[in-house]
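Printed here is entry.tsv (TSV, C-alpha atoms and all ligand atoms):
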```
chain	number	residue	atom	x	y	z
A	1	MET	CA	-12.97	-3.55	73.96
A	2	ASN	CA	-16.45	-4.66	72.87
A	3	GLU	CA	-18.69	-7.71	73.33
A	4	THR	CA	-16.78	-9.76	70.77
A	5	ARG	CA	-13.30	-8.94	72.03
A	6	GLU	CA	-12.73	-9.28	75.75
A	7	ARG	CA	-9.15	-8.19	75.52
A	8	LEU	CA	-7.45	-4.82	75.48
A	9	ARG	CA	-5.40	-3.67	72.52
A	10	ILE	CA	-2.51	-1.32	72.92
A	11	ALA	CA	-0.96	0.39	69.87
A	12	VAL	CA	2.83	0.72	69.98
A	13	GLN	CA	5.34	2.03	67.42
A	14	LYS	CA	6.57	-0.89	65.28
A	15	SER	CA	10.08	0.30	64.60
A	16	GLY	CA	11.49	3.63	65.60
A	17	ARG	CA	12.71	5.63	68.54
A	18	LEU	CA	9.89	4.61	70.88
A	19	SER	CA	9.61	0.89	70.03
A	20	GLN	CA	12.18	-0.67	72.33
A	21	ASP	CA	11.38	1.44	75.36
A	22	SER	CA	7.63	0.91	74.87
A	23	LEU	CA	7.91	-2.88	74.69
A	24	GLY	CA	10.50	-2.88	77.49
A	25	LEU	CA	8.06	-1.01	79.73
A	26	LEU	CA	5.26	-3.50	78.97
A	27	ARG	CA	7.60	-6.36	79.84
A	28	ARG	CA	8.70	-4.66	83.07
A	29	ALA	CA	5.02	-4.30	83.90
A	30	GLY	CA	4.94	-8.09	83.86
A	31	LEU	CA	3.36	-8.71	80.44
A	32	ALA	CA	4.63	-11.59	78.33
A	33	PHE	CA	3.87	-11.82	74.61
A	34	ARG	CA	3.85	-14.24	71.68
A	35	GLU	CA	4.62	-12.69	68.29
A	36	SER	CA	2.27	-13.21	65.33
A	37	ARG	CA	3.75	-14.57	62.09
A	38	ASP	CA	3.53	-11.22	60.31
A	39	LYS	CA	5.16	-9.54	63.35
A	40	LEU	CA	2.41	-6.93	63.49
A	41	PHE	CA	0.71	-8.30	66.56
A	42	LEU	CA	1.89	-9.45	69.97
A	43	TYR	CA	-0.52	-11.74	71.76
A	44	GLY	CA	-0.59	-11.21	75.54
A	45	GLU	CA	0.09	-14.57	77.19
A	46	ASN	CA	-0.48	-13.76	80.84
A	47	MET	CA	-2.94	-10.86	80.74
A	48	PRO	CA	-5.73	-10.10	78.24
A	49	VAL	CA	-3.71	-7.28	76.69
A	50	ASP	CA	-2.45	-7.52	73.08
A	51	VAL	CA	-0.07	-5.19	71.25
A	52	LEU	CA	-0.63	-3.83	67.75
A	53	LEU	CA	2.64	-2.71	66.12
A	54	VAL	CA	2.07	0.28	63.84
A	55	ARG	CA	3.56	3.58	62.61
A	56	ASP	CA	3.51	6.16	65.36
A	57	ASP	CA	1.42	8.59	63.27
A	58	ASP	CA	-1.39	6.00	63.06
A	59	ILE	CA	-1.72	5.57	66.83
A	60	PRO	CA	-4.07	8.47	67.70
A	61	GLY	CA	-6.37	7.51	64.77
A	62	LEU	CA	-6.59	3.87	65.88
A	63	LEU	CA	-7.74	5.08	69.30
A	64	VAL	CA	-10.20	7.60	67.84
A	65	GLU	CA	-11.92	4.86	65.81
A	66	GLY	CA	-11.84	2.45	68.76
A	67	SER	CA	-9.64	-0.25	67.13
A	68	CYS	CA	-7.33	0.03	70.15
A	69	GLU	CA	-8.11	1.09	73.71
A	70	LEU	CA	-4.62	2.28	74.63
A	71	GLY	CA	-1.50	3.55	72.88
A	72	ILE	CA	2.03	4.76	73.49
A	73	VAL	CA	2.96	7.75	71.38
A	74	GLY	CA	5.00	10.96	71.51
A	75	ARG	CA	3.11	13.96	72.91
A	76	ASN	CA	4.26	15.86	69.80
A	77	VAL	CA	2.29	13.49	67.51
A	78	LEU	CA	-0.71	13.36	69.85
A	79	ASP	CA	-1.07	17.12	70.29
A	80	GLU	CA	-0.48	17.88	66.59
A	81	GLN	CA	-3.26	15.48	65.60
A	82	ARG	CA	-5.51	16.69	68.41
A	83	LEU	CA	-5.34	20.25	67.08
A	84	ALA	CA	-6.02	19.02	63.54
A	85	ALA	CA	-9.02	16.98	64.73
A	86	GLY	CA	-10.82	20.03	66.11
A	87	ASP	CA	-13.91	19.00	68.07
A	88	THR	CA	-13.70	15.24	67.36
A	89	PRO	CA	-13.45	13.23	70.63
A	90	PHE	CA	-9.74	12.59	70.98
A	91	PRO	CA	-7.47	10.24	73.01
A	92	ALA	CA	-6.58	11.55	76.45
A	93	GLU	CA	-3.06	11.49	77.88
A	94	LEU	CA	-3.13	9.17	80.91
A	95	ARG	CA	0.47	9.62	81.97
A	96	ALA	CA	3.94	10.52	80.79
A	97	LEU	CA	6.30	7.54	80.54
A	98	GLY	CA	9.76	9.03	81.06
A	99	PHE	CA	11.35	8.11	77.70
A	100	GLY	CA	11.44	9.59	74.18
A	101	GLN	CA	12.12	13.03	75.62
A	102	CYS	CA	12.53	15.79	73.07
A	103	ARG	CA	11.24	19.26	72.38
A	104	LEU	CA	9.60	20.89	69.42
A	105	ALA	CA	11.71	24.00	68.95
A	106	LEU	CA	11.72	27.06	66.75
A	107	ALA	CA	15.20	27.35	65.26
A	108	VAL	CA	16.89	29.91	63.02
A	109	PRO	CA	20.18	30.13	61.05
A	110	ASP	CA	23.32	31.08	63.00
A	111	GLY	CA	24.56	34.58	62.30
A	112	GLY	CA	21.38	35.49	60.40
A	113	PRO	CA	19.06	38.45	60.81
A	114	ILE	CA	16.55	36.69	63.11
A	115	ASP	CA	17.50	36.97	66.78
A	116	LYS	CA	14.16	37.35	68.54
A	117	ILE	CA	10.67	35.96	68.12
A	118	ALA	CA	9.26	39.24	66.78
A	119	ASP	CA	11.71	39.06	63.85
A	120	LEU	CA	9.72	36.10	62.46
A	121	ALA	CA	6.82	38.34	61.40
A	122	GLY	CA	6.09	37.91	57.69
A	123	LEU	CA	8.72	35.16	57.26
A	124	ARG	CA	8.38	31.48	56.26
A	125	ILE	CA	8.72	28.63	58.80
A	126	ALA	CA	9.20	25.01	57.65
A	127	THR	CA	7.84	22.23	59.87
A	128	SER	CA	6.20	18.80	60.00
A	129	TYR	CA	4.07	20.18	62.86
A	130	PRO	CA	1.93	22.90	61.23
A	131	GLU	CA	-0.82	22.89	63.88
A	132	LEU	CA	1.51	23.22	66.86
A	133	THR	CA	3.59	25.83	65.02
A	134	ALA	CA	0.49	27.86	64.09
A	135	ARG	CA	-0.78	27.71	67.69
A	136	TRP	CA	2.59	28.94	68.99
A	137	LEU	CA	2.59	31.79	66.44
A	138	ARG	CA	-0.92	32.81	67.55
A	139	GLU	CA	0.20	32.75	71.20
A	140	GLN	CA	3.17	34.95	70.32
A	141	GLY	CA	0.94	37.29	68.30
A	142	ILE	CA	3.10	36.82	65.21
A	143	GLU	CA	1.86	36.38	61.65
A	144	ALA	CA	4.14	34.17	59.56
A	145	ASP	CA	3.75	31.56	56.80
A	146	VAL	CA	3.95	27.90	57.78
A	147	VAL	CA	5.32	25.54	55.08
A	148	VAL	CA	4.75	21.81	55.65
A	149	LEU	CA	7.72	19.50	54.99
A	150	ASN	CA	7.66	15.82	55.91
A	151	GLY	CA	11.36	15.23	56.37
A	152	SER	CA	14.76	16.94	56.28
A	153	VAL	CA	13.18	20.06	57.73
A	154	GLU	CA	16.58	21.18	58.99
A	155	ILE	CA	17.93	21.82	55.49
A	156	ALA	CA	15.00	24.05	54.44
A	157	PRO	CA	16.73	27.36	55.32
A	158	ARG	CA	19.85	26.43	53.33
A	159	LEU	CA	17.70	25.49	50.33
A	160	GLY	CA	15.98	28.86	50.54
A	161	LYS	CA	12.62	27.18	51.25
A	162	ALA	CA	12.14	28.86	54.64
A	163	HIS	CA	13.72	31.42	56.96
A	164	ALA	CA	13.25	29.34	60.12
A	165	ILE	CA	12.18	25.83	61.12
A	166	CYS	CA	10.09	24.27	63.84
A	167	ASP	CA	11.38	20.74	64.47
A	168	LEU	CA	12.04	18.11	67.12
A	169	VAL	CA	15.32	18.40	68.97
A	170	SER	CA	16.85	16.06	71.51
A	171	SER	CA	20.64	16.44	71.77
A	172	GLY	CA	20.74	19.52	69.51
A	173	ALA	CA	23.42	17.91	67.29
A	174	THR	CA	21.27	18.05	64.14
A	175	LEU	CA	20.62	21.77	64.58
A	176	ALA	CA	24.31	22.45	65.22
A	177	ALA	CA	25.34	20.43	62.15
A	178	ASN	CA	23.03	22.58	60.04
A	179	GLN	CA	24.20	25.91	61.54
A	180	LEU	CA	20.88	26.51	63.28
A	181	HIS	CA	20.12	27.48	66.87
A	182	GLU	CA	17.00	27.46	69.01
A	183	LEU	CA	14.96	30.59	69.55
A	184	ASP	CA	12.17	29.11	71.66
A	185	THR	CA	10.58	25.85	72.81
A	186	VAL	CA	7.16	25.23	71.31
A	187	LEU	CA	6.36	21.95	73.12
A	188	ARG	CA	8.15	19.67	75.61
A	189	SER	CA	7.50	16.09	74.60
A	190	GLU	CA	8.03	12.52	75.73
A	191	ALA	CA	6.27	9.20	75.20
A	192	VAL	CA	2.83	9.18	76.80
A	193	LEU	CA	0.23	6.52	77.53
A	194	VAL	CA	-3.06	7.46	75.88
A	195	ALA	CA	-6.59	6.07	76.11
A	196	SER	CA	-9.32	5.86	73.48
A	197	PRO	CA	-12.35	8.12	73.96
A	198	ARG	CA	-14.51	5.22	72.71
A	199	THR	CA	-13.88	2.61	75.41
A	200	GLN	CA	-17.04	1.62	77.25
A	201	GLY	CA	-18.09	-0.87	79.90
A	202	ALA	CA	-17.08	-1.77	83.41
A	203	ALA	CA	-14.93	-4.76	82.37
A	204	ALA	CA	-12.79	-2.68	80.02
A	205	THR	CA	-12.44	0.13	82.55
A	206	ALA	CA	-11.39	-2.32	85.27
A	207	LEU	CA	-8.82	-3.94	82.98
A	208	ILE	CA	-7.40	-0.56	81.96
A	209	GLU	CA	-7.09	0.38	85.63
A	210	ARG	CA	-5.28	-2.87	86.37
A	211	PHE	CA	-2.96	-2.32	83.42
A	212	CYS	CA	-2.23	1.28	84.45
A	213	ALA	CA	-1.43	0.19	88.00
A	214	ARG	CA	1.11	-2.28	86.58
A	215	ILE	CA	2.69	0.44	84.44
A	216	GLY	CA	2.78	2.77	87.44
A	217	ALA	CA	4.52	0.16	89.57
A	218	ALA	CA	7.11	-0.52	86.86
A	219	LEU	CA	7.79	3.21	86.38
A	220	SER	CA	8.01	3.98	90.08
A	221	GLY	CA	10.94	1.58	90.36
A	222	ASP	CA	12.91	3.50	87.70
A	223	GLY	CA	16.12	4.89	89.10
A	224	VAL	CA	15.28	3.73	92.63
A	225	ARG	CA	17.88	1.76	94.60
A	226	LEU	CA	17.48	-0.14	97.82
A	227	LEU	CA	20.51	0.34	100.06
A	228	MET	CA	21.09	-2.13	102.89
A	229	LEU	CA	23.85	-1.91	105.47
A	230	GLN	CA	24.83	-2.49	109.08
A	231	ALA	CA	26.44	0.25	111.17
A	232	PRO	CA	27.16	1.42	114.70
A	233	ARG	CA	23.99	2.93	116.21
A	234	SER	CA	25.99	6.08	116.99
A	235	ALA	CA	26.50	6.71	113.25
A	236	LEU	CA	22.77	6.72	112.38
A	237	ALA	CA	22.30	10.50	112.30
A	238	ALA	CA	25.35	11.01	110.07
A	239	ILE	CA	24.26	8.19	107.74
A	240	THR	CA	20.74	9.61	107.44
A	241	ARG	CA	22.13	13.07	106.57
A	242	LEU	CA	24.37	11.61	103.89
A	243	LEU	CA	21.89	9.46	101.99
A	244	PRO	CA	19.89	10.68	98.96
A	245	ALA	CA	16.94	8.82	100.50
A	246	ARG	CA	13.39	9.10	99.16
A	247	GLU	CA	11.87	8.52	102.60
A	248	GLU	CA	12.98	7.95	106.22
A	249	PRO	CA	15.19	4.82	106.27
A	250	SER	CA	13.99	1.73	108.17
A	251	VAL	CA	16.23	1.05	111.16
A	252	LEU	CA	16.29	-2.40	112.75
A	253	GLY	CA	17.98	-3.64	115.93
A	254	LEU	CA	20.30	-6.65	115.73
A	255	ASP	CA	20.00	-9.59	118.14
A	256	GLY	CA	22.76	-9.59	120.74
A	257	ARG	CA	24.41	-6.45	119.29
A	258	PRO	CA	22.78	-3.51	121.08
A	259	ASP	CA	25.30	-1.01	119.70
A	260	ASP	CA	24.67	-1.93	116.07
A	261	ILE	CA	21.75	-1.39	113.66
A	262	ALA	CA	20.68	-2.58	110.22
A	263	VAL	CA	19.48	0.15	107.87
A	264	GLN	CA	17.34	-0.12	104.74
A	265	ALA	CA	16.87	2.98	102.64
A	266	LEU	CA	15.16	3.63	99.31
A	267	CYS	CA	17.49	6.01	97.50
A	268	ASP	CA	17.27	7.79	94.18
A	269	ALA	CA	19.72	7.40	91.30
A	270	LYS	CA	22.10	9.95	92.87
A	271	LEU	CA	23.40	7.20	95.18
A	272	ASP	CA	26.95	6.65	93.91
A	273	TRP	CA	30.38	5.27	94.85
A	274	GLN	CA	31.24	8.36	96.84
A	275	HIS	CA	28.23	7.84	99.11
A	276	LEU	CA	29.28	4.23	99.67
A	277	GLU	CA	32.87	5.22	100.49
A	278	GLU	CA	31.67	7.82	103.00
A	279	LEU	CA	29.32	5.28	104.55
A	280	LYS	CA	32.31	2.95	105.03
A	281	ARG	CA	34.19	5.78	106.74
A	282	LEU	CA	31.22	6.19	109.10
A	283	GLY	CA	31.62	2.53	110.09
A	284	ALA	CA	29.02	0.94	107.79
A	285	ARG	CA	29.54	-2.73	106.84
A	286	GLY	CA	27.91	-5.24	104.53
A	287	LEU	CA	26.71	-2.58	102.09
A	288	MET	CA	24.38	-3.77	99.39
A	289	VAL	CA	22.73	-1.73	96.61
A	290	LEU	CA	19.87	-3.34	94.71
A	291	ASN	CA	17.95	-1.99	91.72
A	292	VAL	CA	14.24	-1.81	92.48
A	293	GLU	CA	12.17	-3.46	89.80
A	294	ARG	CA	8.73	-2.28	90.86
A	295	MET	CA	7.00	-0.68	93.83
A	296	LEU	CA	3.43	-0.85	95.08
A	297	ALA	CA	2.31	1.67	97.67
B	301	LIG	O1	8.03	5.01	61.13
B	301	LIG	P1	7.31	5.86	62.12
B	301	LIG	O2	6.37	6.86	61.48
B	301	LIG	O3	6.65	5.03	63.19
B	301	LIG	O4	8.44	6.68	62.90
B	301	LIG	P2	8.96	8.17	62.73
B	301	LIG	O5	10.14	8.14	61.83
B	301	LIG	O6	7.83	9.11	62.42
B	301	LIG	O7	9.36	8.54	64.22
B	301	LIG	P3	10.71	8.32	65.03
B	301	LIG	O8	10.91	6.88	65.35
B	301	LIG	O9	11.86	9.06	64.42
B	301	LIG	O10	10.31	9.12	66.37
B	301	LIG	C1	9.25	8.69	67.16
B	301	LIG	C2	9.09	9.69	68.31
B	301	LIG	O11	10.30	9.76	69.06
B	301	LIG	C3	8.84	11.14	67.93
B	301	LIG	O12	7.50	11.40	67.54
B	301	LIG	C4	9.21	11.85	69.21
B	301	LIG	O13	8.14	11.80	70.12
B	301	LIG	C5	10.35	10.99	69.78
B	301	LIG	N1	11.70	11.59	69.61
B	301	LIG	C6	12.57	11.78	70.62
B	301	LIG	C7	12.27	12.06	68.49
B	301	LIG	C8	13.53	12.55	68.84
B	301	LIG	N2	13.69	12.36	70.17
B	301	LIG	C9	14.40	13.10	67.82
B	301	LIG	N3	15.49	13.54	68.13
B	301	LIG	N4	11.85	12.08	67.20
B	301	LIG	C10	12.68	12.58	66.25
B	301	LIG	N5	13.91	13.10	66.51
B	301	LIG	C11	14.68	13.59	65.32
B	301	LIG	C12	14.35	15.04	64.96
B	301	LIG	O14	13.24	15.07	64.09
B	301	LIG	C13	15.62	15.54	64.29
B	301	LIG	O15	15.67	15.11	62.93
B	301	LIG	O16	16.07	13.59	65.57
B	301	LIG	C14	16.68	14.75	65.03
B	301	LIG	C15	17.22	15.65	66.11
B	301	LIG	O17	17.92	14.92	67.07
B	301	LIG	P4	19.17	15.59	67.79
B	301	LIG	O18	19.57	14.61	68.86
B	301	LIG	O19	20.24	15.80	66.77
B	301	LIG	O20	18.71	16.92	68.39
B	302	ZN	ZN	5.97	8.74	62.15
```
Render the structure in this file as structure tokens.
Amino acid sequence: MNETRERLRIAVQKSGRLSQDSLGLLRRAGLAFRESRDKLFLYGENMPVDVLLVRDDDIPGLLVEGSCELGIVGRNVLDEQRLAAGDTPFPAELRALGFGQCRLALAVPDGGPIDKIADLAGLRIATSYPELTARWLREQGIEADVVVLNGSVEIAPRLGKAHAICDLVSSGATLAANQLHELDTVLRSEAVLVASPRTQGAAATALIERFCARIGAALSGDGVRLLMLQAPRSALAAITRLLPAREEPSVLGLDGRPDDIAVQALCDAKLDWQHLEELKRLGARGLMVLNVERMLA
């Protein structure tokens, strides 16, 4: 944000694995947008926050140059580019966002000669993440050659281009389909909210804080359920023991029914049908489970 632009810009992946979840999170944080004609820009209608839709690899650079104040990007992309940038001021990770989980893993062919990290010495490793791979090799005290490939890394061993690979894995199906297995995890990754090192001024800082509080409230509701029920007062201890509650439940008396109580409990996603059936057996009535959209402390 500068004197000519009193709005924040957040860079988000245009189309890919992080796009839907990123925009969904912004909407859950209460932001509403109007799309530009070229579909590269979303104009914030109810908060001075606009979205720039770009390739994920461009996001750290846009923040470094100050074209955007915030971004949502995979930690794998952020940390790879941070290592490549050396001493240049680089975007900081403000918080992890709970989607886009994956890991950068070192993987080797099934049934081959490599079965421990030390066996990689002197061999060739194919990856799209040369900086993170080289850092991991240094940490392991191994000298090996890193070959950069920008796609289809998993077929490199079969083509004879490399002995091992270092690639992103989520379910592991791609590795299995290519007769590879993991030897070690190089980096645990997920989508993260990042901030430009160039942002200045009290107005921008205040707006970023407000935006982050909104994101925090939207994320803190994830997986949280509000359970409401009525029950005999005598069942309270058993009910409290049973519930996967995140804090002590609120217990309220009921007018004219001294033996009964109303209970409200914030529960985590473990709350399931079995809990509800057991609550019924304990005498609970009028059970209601509501998804929590957002929470403010
Ligand atoms: O066009 P643009 O440059 O914006 O997108 P992109 O093609 O570079 O990225 P995209 O959309 O594929 O991924 C964006 C981000 O999603 C990554 O940087 C990661 O942070 C995150 N992510 C999460 C993943 C995966 N899971 C993932 N599984 N990115 C890639 N993969 C690939 C992986 O490279 C491998 O080919 O999926 C395959 C493995 O998946 P499994 O489930 O078989 O293990
Ligand atoms: Zn990309």
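When the distance limit is 9 Å and only C-alpha atoms are what count, the residues near A:Leu236, minus those fewer than 5 positions from it on the same chain, are Ala231, Arg241, Val251, Ile261 and Val263 of chain A.
Between atom CA of A:Glu80 and atom CA of A:Thr174 there is a distance of 21.9 Å.
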Give as a PyMOL selection string the residues surrounding ligand LIG 301 (chain B) up to a distance of 8 Å, considering only C-alpha atoms and all ligand atoms. chain A and resi 13-19+54-58+73-77+100-103+151-154+167-176+189-191
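Using all atoms listed in the file, the nearest neighbour of A:Gly283 within the list A:Asp119, A:Asp110, A:Asp268, A:Asp260 is A:Asp260.
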Distance query A:Leu25 at most 9 Å, all atoms listed in the file, self and fewer than 3 positions along chain excluded, as a VMD selection string: chain A and resid 20 to 22 28 to 30 97 215 218 to 219
For A:Val192, which residue among A:Glu45, A:Asp255, A:Asp79, A:Asp145 is the nearest when counting all atoms listed in the file? A:Asp79
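Nearest residue to A:Gly24 among A:Phe99, A:Phe211, A:Trp273, A:Phe90 is A:Phe99, counting all atoms listed in the file.
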For stretch 128-134 of chain A, work out the shell of residues within 7 Å, counting all atoms listed in the file and skipping chain neighbours fewer than 5 positions away, then give it as a VMD selection string. chain A and resid 80 83 to 84 146 148 to 150 166
Next, dump the selected residues to file, keeping only C-alpha atoms, as a PDB file, keeping the file's coordinate frame.
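Output saved as out06.pdb:
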```pdb
ATOM      1  CA  GLU A  80      -0.480  17.880  66.590  1.00  0.00           C
ATOM      2  CA  LEU A  83      -5.340  20.250  67.080  1.00  0.00           C
ATOM      3  CA  ALA A  84      -6.020  19.020  63.540  1.00  0.00           C
ATOM      4  CA  VAL A 146       3.950  27.900  57.780  1.00  0.00           C
ATOM      5  CA  VAL A 148       4.750  21.810  55.650  1.00  0.00           C
ATOM      6  CA  LEU A 149       7.720  19.500  54.990  1.00  0.00           C
ATOM      7  CA  ASN A 150       7.660  15.820  55.910  1.00  0.00           C
ATOM      8  CA  CYS A 166      10.090  24.270  63.840  1.00  0.00           C
TER       9      CYS A 166
END
```
Can you tell me, as a list in words, what residues are no more than 9 Å from A:Leu52 when counting all atoms listed in the file, ignoring any on the same chain fewer than 5 positions away? Arg9, Ile10, Ala11, Val12, Gln13, Lys14, Leu40, Phe41, Leu42, Tyr43 and Cys68 of chain A
